[in-house]
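Have a look at work.csv; it's CSV, C-alpha atoms:
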```
chain,number,residue,atom,x,y,z
A,14,TRP,CA,-74.1,-127.8,42.5
A,15,ARG,CA,-76.6,-129.4,40.1
A,16,GLU,CA,-77.0,-132.4,42.4
A,17,ASP,CA,-78.1,-130.0,45.3
A,18,PRO,CA,-81.6,-131.2,46.3
A,19,LEU,CA,-82.5,-127.6,47.3
A,20,LEU,CA,-81.9,-126.1,43.9
A,21,PRO,CA,-85.5,-126.5,42.6
A,22,THR,CA,-86.8,-125.0,45.9
A,23,VAL,CA,-84.4,-122.0,45.7
A,24,LEU,CA,-85.3,-121.4,42.1
A,25,ARG,CA,-89.0,-121.5,42.9
A,26,LEU,CA,-88.8,-119.2,45.9
A,27,TYR,CA,-86.6,-116.7,44.2
A,28,ASN,CA,-88.7,-116.5,41.1
A,29,VAL,CA,-92.3,-115.8,42.0
A,30,GLY,CA,-93.7,-115.8,38.5
A,31,PRO,CA,-93.7,-118.9,36.2
A,32,ARG,CA,-92.2,-116.8,33.4
A,33,ASN,CA,-89.3,-115.6,35.6
A,34,LEU,CA,-88.6,-119.1,36.7
A,35,GLN,CA,-88.5,-120.3,33.1
A,36,PHE,CA,-86.0,-117.6,32.3
A,37,ALA,CA,-83.9,-118.6,35.3
A,38,LEU,CA,-83.9,-122.2,34.2
A,39,ALA,CA,-83.0,-121.3,30.7
A,40,SER,CA,-79.9,-119.4,32.0
A,41,LEU,CA,-78.5,-122.5,33.7
A,42,PRO,CA,-76.2,-124.6,31.6
A,43,PRO,CA,-77.3,-128.2,30.6
A,44,ALA,CA,-76.5,-131.0,33.0
A,45,SER,CA,-73.7,-132.3,30.7
A,46,LYS,CA,-72.0,-131.2,27.4
A,47,GLU,CA,-72.5,-134.7,26.0
A,48,ASP,CA,-76.3,-134.7,26.6
A,49,PRO,CA,-77.4,-131.0,26.5
A,50,ARG,CA,-81.0,-131.4,27.6
A,51,CYS,CA,-82.9,-129.2,30.0
A,52,TRP,CA,-82.7,-131.1,33.3
A,53,ALA,CA,-85.6,-129.1,34.8
A,54,CYS,CA,-87.9,-129.5,31.8
A,55,GLN,CA,-88.0,-133.3,32.5
A,56,GLU,CA,-89.4,-132.7,36.0
A,57,ALA,CA,-93.1,-132.6,36.2
A,58,SER,CA,-93.1,-130.0,39.0
A,59,MET,CA,-91.2,-127.6,36.8
A,60,ALA,CA,-93.5,-128.0,33.8
A,61,ASP,CA,-95.3,-124.9,32.5
A,62,ALA,CA,-98.8,-126.1,33.6
A,63,ALA,CA,-97.6,-126.9,37.1
A,64,LEU,CA,-95.9,-123.6,37.5
A,65,ARG,CA,-99.0,-121.7,36.3
A,66,ARG,CA,-101.2,-123.6,38.7
A,67,GLU,CA,-98.9,-122.8,41.6
A,68,ALA,CA,-98.8,-119.1,40.6
A,69,ALA,CA,-102.6,-119.0,40.5
A,70,VAL,CA,-102.9,-120.5,44.0
A,71,ALA,CA,-100.4,-118.0,45.3
A,72,GLU,CA,-102.2,-115.1,43.5
A,73,ARG,CA,-105.5,-116.2,45.1
A,74,TYR,CA,-103.9,-116.4,48.5
A,75,PHE,CA,-102.4,-113.0,48.3
A,76,ALA,CA,-105.5,-111.5,46.9
A,77,ALA,CA,-107.4,-112.7,50.0
A,78,VAL,CA,-104.7,-111.3,52.3
A,79,TYR,CA,-104.8,-107.9,50.5
A,80,HIS,CA,-108.6,-107.9,50.6
A,81,ARG,CA,-108.7,-108.6,54.3
A,82,ALA,CA,-106.0,-106.0,55.1
A,83,ILE,CA,-107.9,-103.3,53.2
A,84,TRP,CA,-111.2,-104.5,54.8
A,85,GLN,CA,-109.6,-104.0,58.2
A,86,GLY,CA,-108.7,-100.5,57.3
A,87,TRP,CA,-105.0,-100.8,56.5
A,88,SER,CA,-104.1,-98.2,54.0
A,89,LEU,CA,-100.8,-99.4,52.5
A,90,THR,CA,-100.3,-98.3,48.9
A,91,HIS,CA,-99.1,-101.8,47.9
A,92,PHE,CA,-102.4,-103.4,49.1
A,93,HIS,CA,-104.4,-101.0,47.0
A,94,LEU,CA,-102.2,-101.6,43.9
A,95,MET,CA,-102.6,-105.4,44.3
A,96,ARG,CA,-106.4,-105.0,44.7
A,97,ALA,CA,-106.5,-102.9,41.5
A,98,ARG,CA,-104.6,-105.7,39.7
A,99,VAL,CA,-107.0,-108.3,40.9
A,100,LEU,CA,-109.9,-106.2,39.7
A,101,GLN,CA,-108.3,-105.7,36.4
A,102,ALA,CA,-107.6,-109.4,36.0
A,103,ALA,CA,-111.2,-110.1,36.8
A,104,GLY,CA,-112.3,-107.9,34.0
A,105,ARG,CA,-113.4,-105.0,36.2
A,106,ALA,CA,-111.2,-102.4,34.4
A,107,GLU,CA,-113.3,-99.4,35.4
A,108,GLU,CA,-112.9,-100.1,39.1
A,109,ALA,CA,-109.3,-100.9,38.7
A,110,HIS,CA,-108.8,-97.6,36.8
A,111,GLU,CA,-110.3,-95.7,39.7
A,112,LEU,CA,-108.0,-97.4,42.2
A,113,TYR,CA,-105.0,-96.6,40.0
A,114,ARG,CA,-106.2,-93.0,39.6
A,115,GLY,CA,-106.4,-92.7,43.4
A,116,LEU,CA,-102.9,-94.1,43.8
A,117,THR,CA,-101.4,-91.7,41.3
A,118,LEU,CA,-102.8,-88.5,42.7
A,119,GLU,CA,-99.4,-88.0,44.3
A,120,CYS,CA,-97.2,-89.6,41.7
A,121,CYS,CA,-94.3,-91.8,42.7
A,122,PRO,CA,-93.5,-91.4,46.4
A,123,ASP,CA,-93.1,-95.2,46.4
A,124,PRO,CA,-92.7,-98.1,43.9
A,125,SER,CA,-96.4,-99.1,44.2
A,126,SER,CA,-97.7,-95.7,43.1
A,127,PHE,CA,-95.2,-95.6,40.3
A,128,GLN,CA,-96.5,-99.0,39.1
A,129,ALA,CA,-100.0,-97.8,39.5
A,130,SER,CA,-99.3,-94.9,37.2
A,131,ARG,CA,-97.9,-97.3,34.6
A,132,GLU,CA,-101.0,-99.6,34.9
A,133,ARG,CA,-103.3,-96.6,34.6
A,134,HIS,CA,-101.6,-95.4,31.5
A,135,GLN,CA,-101.9,-98.8,29.9
A,136,LEU,CA,-105.6,-99.0,30.8
A,137,SER,CA,-106.2,-95.5,29.3
A,138,SER,CA,-104.4,-96.3,26.1
```

Before anything else, please render the file you have as structure tokens.
Amino acid sequence: WREDPLLPTVLRLYNVGPRNLQFALASLPPASKEDPRCWACQEASMADAALRREAAVAERYFAAVYHRAIWQGWSLTHFHLMRARVLQAAGRAEEAHELYRGLTLECCPDPSSFQASRERHQLSS
């Protein structure tokens, strides 16, 4: 299965975050017992810097999608949670905290509001 040309693609698609992908790669056995090296570590496309760049591009894309959806009046909890995370990452913690607060008024009817309550607690601590 290691020779399967789709393995890197499947690993990338299944693991959205670079850290998750690195854990997935670490869980795979080495290519051979005689030469126990990380086969993926030798691939430039699987390097930490490349994975982080790809994640940043994906994050910017989804931030734009979420921003547009909210701008058009869609009121899905997940969109608001992601908007708050973008604000928090941009250093706008006060605005993010307000969005988290709004999402947690009715705690936990869905996973996004539960995550918002966790984020709000971390910001408040």

Best match for closeness to A:Asp123 among A:Leu89, A:Ala109, A:Leu26, A:Leu136, counting all atoms listed in the file:
A:Leu89

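Distances to A:Leu41 were evaluated for A:Ala103, A:Glu67, A:Leu20, A:His134 using only C-alpha atoms, and the minimum falls at A:Leu20.
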
To one decimal place in Å, what is the distance between atom CA of A:Ser88 and atom CA of A:Gly30?
25.7 Å

For A:Gln35, work out the shell of residues within 12 Å, counting all atoms listed in the file and skipping chain neighbours fewer than 3 positions away, then give it as a list in words.
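Contacts, in chain order: Pro21, Leu24, Arg25, Tyr27, Asn28, Val29, Gly30, Pro31, Arg32, Leu38, Ala39, Ser40, Leu41, Cys51, Ala53, Cys54, Met59, Ala60, Asp61, Ala62, Ala63, Leu64 and Arg65 of chain A.
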
Straight-line distance linking atom CA of A:Ala102 with atom CA of A:Trp87, stated in Å to one decimal
22.4 Å

What does the structure give for the distance between atom CA of A:Ser130 and atom CA of A:Tyr113, in Å to one decimal?
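Separating atom CA of A:Ser130 from atom CA of A:Tyr113 is a distance of 6.6 Å.
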